Each structure stands twice: as structure tokens, then as C-alpha cells.
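What follows is structure.pdb (PDB, C-alpha atoms, pLDDT in the B column).
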```pdb
MODEL        1
ATOM      1  CA  MET A   1      92.803  96.520 109.659  1.00 40.00           C
ATOM      2  CA  PRO A   2      95.818  94.599 108.325  1.00 43.00           C
ATOM      3  CA  GLY A   3      96.674  95.409 104.734  1.00 45.00           C
ATOM      4  CA  TYR A   4      94.264  98.347 104.576  1.00 44.00           C
ATOM      5  CA  TYR A   5      95.418 101.576 103.002  1.00 46.00           C
ATOM      6  CA  GLY A   6      93.201 104.635 103.324  1.00 42.00           C
ATOM      7  CA  ALA A   7      91.457 106.482 100.542  1.00 44.00           C
ATOM      8  CA  ASP A   8      93.437 109.641 101.286  1.00 46.00           C
ATOM      9  CA  GLY A   9      96.045 108.924  98.612  1.00 46.00           C
ATOM     10  CA  ALA A  10      98.106 106.244 100.298  1.00 49.00           C
ATOM     11  CA  SER A  11      98.213 103.191  98.068  1.00 48.00           C
ATOM     12  CA  ARG A  12      99.571  99.697  98.439  1.00 49.00           C
ATOM     13  CA  PRO A  13     103.298  99.654  97.662  1.00 50.00           C
ATOM     14  CA  CYS A  14     104.086  97.852  94.431  1.00 52.00           C
ATOM     15  CA  HIS A  15     107.583  96.495  93.903  1.00 52.00           C
ATOM     16  CA  ASP A  16     109.464  97.481  90.753  1.00 51.00           C
ATOM     17  CA  ASP A  17     110.517  93.890  90.098  1.00 51.00           C
ATOM     18  CA  CYS A  18     106.858  92.899  89.893  1.00 57.00           C
ATOM     19  CA  HIS A  19     106.272  94.658  86.563  1.00 49.00           C
ATOM     20  CA  GLY A  20     108.592  94.942  83.598  1.00 52.00           C
ATOM     21  CA  PRO A  21     108.792  98.233  81.696  1.00 44.00           C
ATOM     22  CA  ASP A  22     106.235  97.277  79.001  1.00 44.00           C
ATOM     23  CA  GLU A  23     104.851  94.113  80.507  1.00 58.00           C
ATOM     24  CA  HIS A  24     101.104  93.882  81.048  1.00 63.00           C
ATOM     25  CA  ASP A  25     100.393  92.036  84.267  1.00 73.00           C
ATOM     26  CA  THR A  26      97.345  89.902  84.880  1.00 81.00           C
ATOM     27  CA  GLY A  27      94.618  91.635  86.797  1.00 86.00           C
ATOM     28  CA  ARG A  28      91.576  90.623  88.786  1.00 88.00           C
ATOM     29  CA  PHE A  29      88.159  92.101  88.162  1.00 88.00           C
ATOM     30  CA  PHE A  30      85.577  92.260  90.951  1.00 90.00           C
ATOM     31  CA  LEU A  31      82.636  94.290  92.191  1.00 91.00           C
ATOM     32  CA  CYS A  32      83.088  96.277  95.396  1.00 91.00           C
ATOM     33  CA  GLU A  33      80.994  94.662  98.133  1.00 90.00           C
ATOM     34  CA  ARG A  34      79.752  98.028  99.387  1.00 92.00           C
ATOM     35  CA  CYS A  35      79.264 100.374  96.430  1.00 91.00           C
ATOM     36  CA  ARG A  36      79.052  97.656  93.729  1.00 90.00           C
ATOM     37  CA  GLY A  37      81.578  99.575  91.605  1.00 89.00           C
ATOM     38  CA  GLN A  38      83.734  97.724  89.084  1.00 89.00           C
ATOM     39  CA  VAL A  39      87.293  97.326  90.358  1.00 88.00           C
ATOM     40  CA  LEU A  40      90.460  96.125  88.619  1.00 89.00           C
ATOM     41  CA  ILE A  41      93.511  95.179  90.646  1.00 88.00           C
ATOM     42  CA  CYS A  42      96.946  94.008  89.457  1.00 87.00           C
ATOM     43  CA  ARG A  43      98.714  90.862  90.658  1.00 84.00           C
ATOM     44  CA  CYS A  44     101.105  92.787  92.933  1.00 84.00           C
ATOM     45  CA  CYS A  45      98.412  94.759  94.743  1.00 86.00           C
ATOM     46  CA  ASP A  46      95.969  91.851  94.998  1.00 85.00           C
ATOM     47  CA  ARG A  47      95.595  90.660  98.589  1.00 85.00           C
ATOM     48  CA  GLY A  48      92.076  89.298  98.204  1.00 85.00           C
ATOM     49  CA  GLN A  49      90.387  92.688  98.593  1.00 88.00           C
ATOM     50  CA  ILE A  50      86.624  92.850  98.358  1.00 90.00           C
ATOM     51  CA  TYR A  51      86.292  96.664  98.545  1.00 90.00           C
ATOM     52  CA  CYS A  52      87.346  99.374  96.088  1.00 89.00           C
ATOM     53  CA  ALA A  53      90.193 101.821  96.672  1.00 86.00           C
ATOM     54  CA  GLY A  54      87.751 104.685  97.274  1.00 83.00           C
ATOM     55  CA  GLY A  55      87.308 104.252 101.034  1.00 87.00           C
ATOM     56  CA  CYS A  56      84.543 101.644 101.128  1.00 91.00           C
ATOM     57  CA  ALA A  57      86.606  99.359 103.392  1.00 91.00           C
ATOM     58  CA  ARG A  58      86.829 102.040 106.083  1.00 93.00           C
ATOM     59  CA  VAL A  59      83.105 102.823 105.899  1.00 94.00           C
ATOM     60  CA  ALA A  60      82.105  99.138 105.858  1.00 94.00           C
ATOM     61  CA  ARG A  61      84.278  98.465 108.910  1.00 94.00           C
ATOM     62  CA  ALA A  62      82.607 101.335 110.776  1.00 95.00           C
ATOM     63  CA  GLU A  63      79.173  99.949 109.852  1.00 95.00           C
ATOM     64  CA  ARG A  64      80.122  96.452 111.049  1.00 95.00           C
ATOM     65  CA  ARG A  65      81.527  97.874 114.293  1.00 97.00           C
ATOM     66  CA  ARG A  66      78.319  99.828 114.964  1.00 96.00           C
ATOM     67  CA  GLU A  67      76.309  96.640 114.401  1.00 96.00           C
ATOM     68  CA  VAL A  68      78.513  94.646 116.803  1.00 96.00           C
ATOM     69  CA  VAL A  69      78.231  97.361 119.477  1.00 94.00           C
ATOM     70  CA  ARG A  70      74.434  97.474 119.028  1.00 95.00           C
ATOM     71  CA  ARG A  71      74.172  93.686 119.412  1.00 95.00           C
ATOM     72  CA  TYR A  72      76.382  93.743 122.527  1.00 95.00           C
ATOM     73  CA  GLN A  73      74.405  96.545 124.165  1.00 92.00           C
ATOM     74  CA  THR A  74      71.149  94.631 123.704  1.00 94.00           C
ATOM     75  CA  SER A  75      72.601  91.456 125.247  1.00 95.00           C
ATOM     76  CA  ARG A  76      72.404  90.649 128.960  1.00 96.00           C
ATOM     77  CA  ASN A  77      76.109  91.334 129.583  1.00 95.00           C
ATOM     78  CA  GLY A  78      75.892  94.604 127.659  1.00 95.00           C
ATOM     79  CA  ARG A  79      72.878  95.812 129.649  1.00 95.00           C
ATOM     80  CA  PHE A  80      74.620  95.003 132.948  1.00 96.00           C
ATOM     81  CA  ALA A  81      77.830  96.735 131.836  1.00 95.00           C
ATOM     82  CA  HIS A  82      75.847  99.812 130.792  1.00 93.00           C
ATOM     83  CA  ALA A  83      73.988  99.887 134.128  1.00 94.00           C
ATOM     84  CA  ALA A  84      77.262  99.617 136.077  1.00 95.00           C
ATOM     85  CA  ARG A  85      78.835 102.383 133.975  1.00 94.00           C
ATOM     86  CA  SER A  86      75.790 104.598 134.582  1.00 92.00           C
ATOM     87  CA  ARG A  87      75.991 103.969 138.349  1.00 91.00           C
ATOM     88  CA  ARG A  88      79.691 104.928 138.376  1.00 91.00           C
ATOM     89  CA  TYR A  89      78.942 108.081 136.377  1.00 90.00           C
ATOM     90  CA  ARG A  90      76.131 109.139 138.725  1.00 87.00           C
ATOM     91  CA  ALA A  91      78.319 108.463 141.778  1.00 86.00           C
ATOM     92  CA  ARG A  92      81.084 110.678 140.345  1.00 85.00           C
ATOM     93  CA  HIS A  93      78.687 113.535 139.562  1.00 80.00           C
ATOM     94  CA  ASN A  94      76.679 113.389 142.777  1.00 70.00           C
ATOM     95  CA  LYS A  95      77.751 116.831 144.008  1.00 67.00           C
ATOM     96  CA  VAL A  96      75.808 119.661 142.406  1.00 65.00           C
ATOM     97  CA  THR A  97      77.277 123.151 142.721  1.00 71.00           C
ATOM     98  CA  HIS A  98      74.851 125.066 140.494  1.00 68.00           C
ATOM     99  CA  HIS A  99      71.136 124.469 140.454  1.00 70.00           C
ATOM    100  CA  GLY A 100      69.160 125.026 137.293  1.00 69.00           C
ATOM    101  CA  SER A 101      66.354 127.568 137.057  1.00 71.00           C
ATOM    102  CA  LEU A 102      62.979 126.440 138.344  1.00 68.00           C
ATOM    103  CA  ALA A 103      60.984 128.425 135.785  1.00 66.00           C
ATOM    104  CA  SER A 104      60.202 126.416 132.679  1.00 62.00           C
ATOM    105  CA  ASP A 105      60.040 128.031 129.265  1.00 57.00           C
ATOM    106  CA  ALA A 106      56.634 127.445 127.657  1.00 56.00           C
ATOM    107  CA  ASP A 107      57.854 128.790 124.290  1.00 56.00           C
ATOM    108  CA  VAL A 108      60.362 125.977 123.704  1.00 55.00           C
ATOM    109  CA  ASP A 109      59.452 123.523 120.946  1.00 55.00           C
ATOM    110  CA  VAL A 110      60.969 120.088 121.193  1.00 53.00           C
ATOM    111  CA  MET A 111      61.495 118.349 117.869  1.00 56.00           C
ATOM    112  CA  ALA A 112      62.101 114.638 117.495  1.00 49.00           C
ATOM    113  CA  ALA A 113      65.523 113.665 116.218  1.00 48.00           C
ATOM    114  CA  SER A 114      65.501 112.327 112.700  1.00 47.00           C
ATOM    115  CA  VAL A 115      65.812 108.584 112.578  1.00 46.00           C
ATOM    116  CA  THR A 116      67.887 107.028 109.801  1.00 49.00           C
ATOM    117  CA  THR A 117      66.479 103.983 108.134  1.00 49.00           C
ATOM    118  CA  PRO A 118      68.740 101.059 107.196  1.00 50.00           C
ATOM    119  CA  ASN A 119      68.524 102.111 103.535  1.00 49.00           C
ATOM    120  CA  GLU A 120      69.838 105.568 104.371  1.00 49.00           C
ATOM    121  CA  ALA A 121      72.648 104.134 106.497  1.00 47.00           C
ATOM    122  CA  SER A 122      74.066 102.223 103.542  1.00 52.00           C
ATOM    123  CA  ASP A 123      74.114 105.276 101.287  1.00 55.00           C
ATOM    124  CA  THR A 124      77.326 105.465  99.262  1.00 54.00           C
ATOM    125  CA  SER A 125      77.343 109.266  98.973  1.00 57.00           C
ATOM    126  CA  ASP A 126      80.021 109.546 101.681  1.00 58.00           C
ATOM    127  CA  THR A 127      82.592 107.591  99.652  1.00 56.00           C
ATOM    128  CA  PRO A 128      84.125 108.983  96.481  1.00 55.00           C
ATOM    129  CA  SER A 129      83.521 107.188  93.213  1.00 57.00           C
ATOM    130  CA  LEU A 130      86.406 105.309  91.645  1.00 54.00           C
ATOM    131  CA  THR A 131      86.726 107.995  88.971  1.00 56.00           C
ATOM    132  CA  GLU A 132      86.930 110.758  91.612  1.00 62.00           C
ATOM    133  CA  PHE A 133      89.471 108.682  93.547  1.00 58.00           C
ATOM    134  CA  ALA A 134      91.588 108.124  90.413  1.00 56.00           C
ATOM    135  CA  ILE A 135      91.539 111.822  89.488  1.00 59.00           C
ATOM    136  CA  ALA A 136      92.435 112.884  93.047  1.00 64.00           C
ATOM    137  CA  ASN A 137      95.404 110.487  93.131  1.00 59.00           C
ATOM    138  CA  GLY A 138      96.649 111.059  89.577  1.00 57.00           C
ATOM    139  CA  LEU A 139      95.723 107.569  88.362  1.00 54.00           C
ATOM    140  CA  PRO A 140      94.546 106.877  84.802  1.00 50.00           C
ATOM    141  CA  THR A 141      90.796 107.020  84.192  1.00 51.00           C
ATOM    142  CA  GLY A 142      88.533 106.137  81.295  1.00 49.00           C
ATOM    143  CA  GLY A 143      86.330 103.213  82.293  1.00 48.00           C
ATOM    144  CA  LEU A 144      88.324 100.249  83.443  1.00 43.00           C
ATOM    145  CA  GLY A 145      91.068 101.103  80.964  1.00 56.00           C
ATOM    146  CA  HIS A 146      92.867  97.977  82.195  1.00 78.00           C
ATOM    147  CA  HIS A 147      94.707  99.950  84.887  1.00 83.00           C
ATOM    148  CA  CYS A 148      95.015  98.871  88.505  1.00 86.00           C
ATOM    149  CA  HIS A 149      92.826 101.031  90.767  1.00 83.00           C
ATOM    150  CA  TRP A 150      95.465 100.897  93.522  1.00 83.00           C
ATOM    151  CA  CYS A 151      98.786 101.608  91.768  1.00 86.00           C
ATOM    152  CA  GLY A 152      97.702 102.637  88.245  1.00 83.00           C
ATOM    153  CA  ARG A 153      99.833 100.039  86.433  1.00 83.00           C
ATOM    154  CA  CYS A 154      98.672  98.559  83.125  1.00 85.00           C
ATOM    155  CA  CYS A 155      96.987  95.164  83.258  1.00 82.00           C
ATOM    156  CA  SER A 156      96.406  92.581  80.569  1.00 80.00           C
ATOM    157  CA  PRO A 157      92.935  92.565  78.979  1.00 80.00           C
ATOM    158  CA  PHE A 158      92.638  88.947  80.148  1.00 77.00           C
ATOM    159  CA  LEU A 159      91.247  89.272  83.662  1.00 79.00           C
ATOM    160  CA  ARG A 160      90.834  86.834  86.537  1.00 78.00           C
ATOM    161  CA  ARG A 161      87.747  86.618  88.710  1.00 75.00           C
ATOM    162  CA  GLU A 162      89.464  85.046  91.739  1.00 76.00           C
ATOM    163  CA  PRO A 163      92.646  86.053  93.606  1.00 73.00           C
ATOM    164  CA  LEU A 164      95.832  84.131  92.873  1.00 70.00           C
ATOM    165  CA  ARG A 165      96.788  81.507  95.390  1.00 68.00           C
ATOM    166  CA  ARG A 166      99.899  82.333  97.336  1.00 65.00           C
ATOM    167  CA  ARG A 167     102.720  79.821  97.448  1.00 64.00           C
ATOM    168  CA  ARG A 168     102.948  77.869 100.629  1.00 66.00           C
ATOM    169  CA  ALA A 169     106.157  78.253 102.535  1.00 65.00           C
ATOM    170  CA  ILE A 170     108.048  74.983 102.449  1.00 67.00           C
ATOM    171  CA  PRO A 171     109.352  74.242 105.939  1.00 66.00           C
ATOM    172  CA  MET A 172     113.095  73.943 106.154  1.00 64.00           C
ATOM    173  CA  SER A 173     113.934  70.353 107.000  1.00 65.00           C
ATOM    174  CA  LEU A 174     116.618  69.588 109.504  1.00 62.00           C
ATOM    175  CA  SER A 175     119.977  68.982 107.903  1.00 58.00           C
ATOM    176  CA  ARG A 176     120.737  65.344 107.481  1.00 57.00           C
ATOM    177  CA  GLY A 177     123.991  64.399 108.996  1.00 51.00           C
TER     178      GLY A 177
ENDMDL
END
```
Turn the structure described in the file into C-alpha cells.
Amino acid sequence: MPGYYGADGASRPCHDDCHGPDEHDTGRFFLCERCRGQVLICRCCDRGQIYCAGGCARVARAERRREVVRRYQTSRNGRFAHAARSRRYRARHNKVTHHGSLASDADVDVMAASVTTPNEASDTSDTPSLTEFAIANGLPTGGLGHHCHWCGRCCSPFLRREPLRRRRAIPMSLSRG
């Protein structure tokens, strides 16, 4: 995913010329789309993120990918592709060198696999909280504290709710001669 930095301690690089030594930069406040945690991000780190720095982006992407794969496999093309793949697999494993035992065990109990409900699938217990993430990466904690959750820099108490617009690149005009 472009612009994604994992929750394992790697953070978005922040340029030194972006912040002065005592300057408080403007920050953006938003709620993480997955865990609904409060997130503060400075102007330098802000790339329009909608997920917190605690790994929700990675988990949300995996959930979306599973949903796309499920939809494809239930479509006509997906069913045909699965049938063709199964035929190729059976053709490759047609030769049997060892036969299984013919006696069946009557003492074996077969238990149904547990099925996860959609509510359980969206559980946020597999992603660390923002406080745990900040402690693990040596970032300041204490509520919002007006510190960026990505780089830990101080932010102004005046917060934005939308990302800043990027400047458009002005095309270089041909030299007039």
C-alpha cells in the first residue's frame, strides 16, 4: 500500500525543515475508521490517512482483501477458475503409492469448526491501542497531548478536521523565444 508504514515501529519520515525548534505545527484530528480511536497527526505526516498508527490499516486491508476474494469465488468466473484448479490438482495427484487403512475408527469424535460471525471478525483486540503503540515506540502519551501519533512532534492546540490541500504543480511553460 503506497505511503503505508507498519505498526512495528517504522514511522513516516518527517523532515527537519518542516518544524522549527519550538514551533507548534498545525495538526489534524480524526477518528480511526477501524478502531474509532482518536488520532492526531501533524502537517508533515498528514497524507490523508484514515487509520491510526497502531496497525489498523494493515488489518483493514486484509479484511477488504478477504471480502474481495470471497466475492470473486462466488462469481461465475471464480467458480470456473476454482473447478479448473481442482481438476489440475487431481490430475497431478492421480498416482497413489500408499493406500489408507480400510478399518474405520468408531471412537473418533468429529467436532464442527467454530464459525466466526461478522461481529467477531471486526474485533479490534488484534491491534494495539494508540497508548500501547506510543509506549512501544517511545512517543509521548497522556491523552491526545497535542503530539503527532506518527512522529511524536508537538502540534498546536488548534486542530483541523480535514487534510491540507497539496499545491498543484505548475507546468513549466515552453520558453518564449
Interatomic distance between CA of Val69 in chain A and CA of Asn94 in chain A?
->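 Result for CA of Val69 in chain A versus CA of Asn94 in chain A: 28.3 Å, one decimal.
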Hits of the PyMOL selection byres ((chain A and resi 34-44) around 7) in this structure, as JSON, numbers by chain | {"A": [14, 18, 25, 26, 27, 28, 29, 30, 31, 32, 33, 45, 46, 51, 52, 56, 60, 124, 144, 147, 148, 149, 150, 155]}
Could you jot down the CA of Arg160 in chain A to CA of Gly54 in chain A separation for me, Å, one decimal place?
-> 21.1 Å
Hey, can you check how far CA of Arg79 in chain A sits from CA of Arg61 in chain A?
->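 The value is 23.8 Å.
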With 8 Å added on each side, what axis-aligned box encloses every listed atom of range 152-167 of chain A? Give the centre and edge lengths in Å to one decimal, as JSON.
```
{"center_x": 95.2, "center_y": 91.2, "center_z": 88.2, "size_x": 31.0, "size_y": 38.8, "size_z": 34.5}
```
With the file shown as input, list the residues that the PyMOL selection byres ((chain A and resi 48) around 9) selects, as a ChimeraX atom specification.
-> /A:46-47,49-50,162-164
Complete the atoms of range 79-95 of chain A to N, CA and C atoms and put them out as a tab-separated table (two decimals), keeping the file's coordinate frame.
```
chain	number	residue	atom	x	y	z
A	79	ARG	N	73.79	95.02	128.80
A	79	ARG	CA	72.88	95.81	129.65
A	79	ARG	C	73.46	95.98	131.05
A	80	PHE	N	74.03	94.90	131.61
A	80	PHE	CA	74.62	95.00	132.95
A	80	PHE	C	75.83	95.93	132.95
A	81	ALA	N	76.66	95.85	131.92
A	81	ALA	CA	77.83	96.74	131.84
A	81	ALA	C	77.39	98.19	131.72
A	82	HIS	N	76.35	98.45	130.94
A	82	HIS	CA	75.85	99.81	130.79
A	82	HIS	C	75.28	100.33	132.11
A	83	ALA	N	74.55	99.48	132.84
A	83	ALA	CA	73.99	99.89	134.13
A	83	ALA	C	75.10	100.20	135.13
A	84	ALA	N	76.14	99.38	135.16
A	84	ALA	CA	77.26	99.62	136.08
A	84	ALA	C	77.98	100.91	135.71
A	85	ARG	N	78.18	101.16	134.42
A	85	ARG	CA	78.83	102.38	133.98
A	85	ARG	C	77.99	103.60	134.34
A	86	SER	N	76.68	103.49	134.21
A	86	SER	CA	75.79	104.60	134.58
A	86	SER	C	75.84	104.86	136.08
A	87	ARG	N	75.89	103.79	136.89
A	87	ARG	CA	75.99	103.97	138.35
A	87	ARG	C	77.29	104.68	138.71
A	88	ARG	N	78.40	104.27	138.09
A	88	ARG	CA	79.69	104.93	138.38
A	88	ARG	C	79.65	106.40	137.97
A	89	TYR	N	79.04	106.70	136.84
A	89	TYR	CA	78.94	108.08	136.38
A	89	TYR	C	78.12	108.92	137.35
A	90	ARG	N	76.97	108.39	137.79
A	90	ARG	CA	76.13	109.14	138.72
A	90	ARG	C	76.82	109.32	140.06
A	91	ALA	N	77.60	108.34	140.51
A	91	ALA	CA	78.32	108.46	141.78
A	91	ALA	C	79.39	109.55	141.68
A	92	ARG	N	80.05	109.65	140.53
A	92	ARG	CA	81.08	110.68	140.34
A	92	ARG	C	80.47	112.07	140.31
A	93	HIS	N	79.31	112.23	139.74
A	93	HIS	CA	78.69	113.54	139.56
A	93	HIS	C	77.55	113.76	140.55
A	94	ASN	N	77.72	113.28	141.76
A	94	ASN	CA	76.68	113.39	142.78
A	94	ASN	C	76.60	114.80	143.34
A	95	LYS	N	77.74	115.49	143.44
A	95	LYS	CA	77.75	116.83	144.01
A	95	LYS	C	77.31	117.83	142.95
```
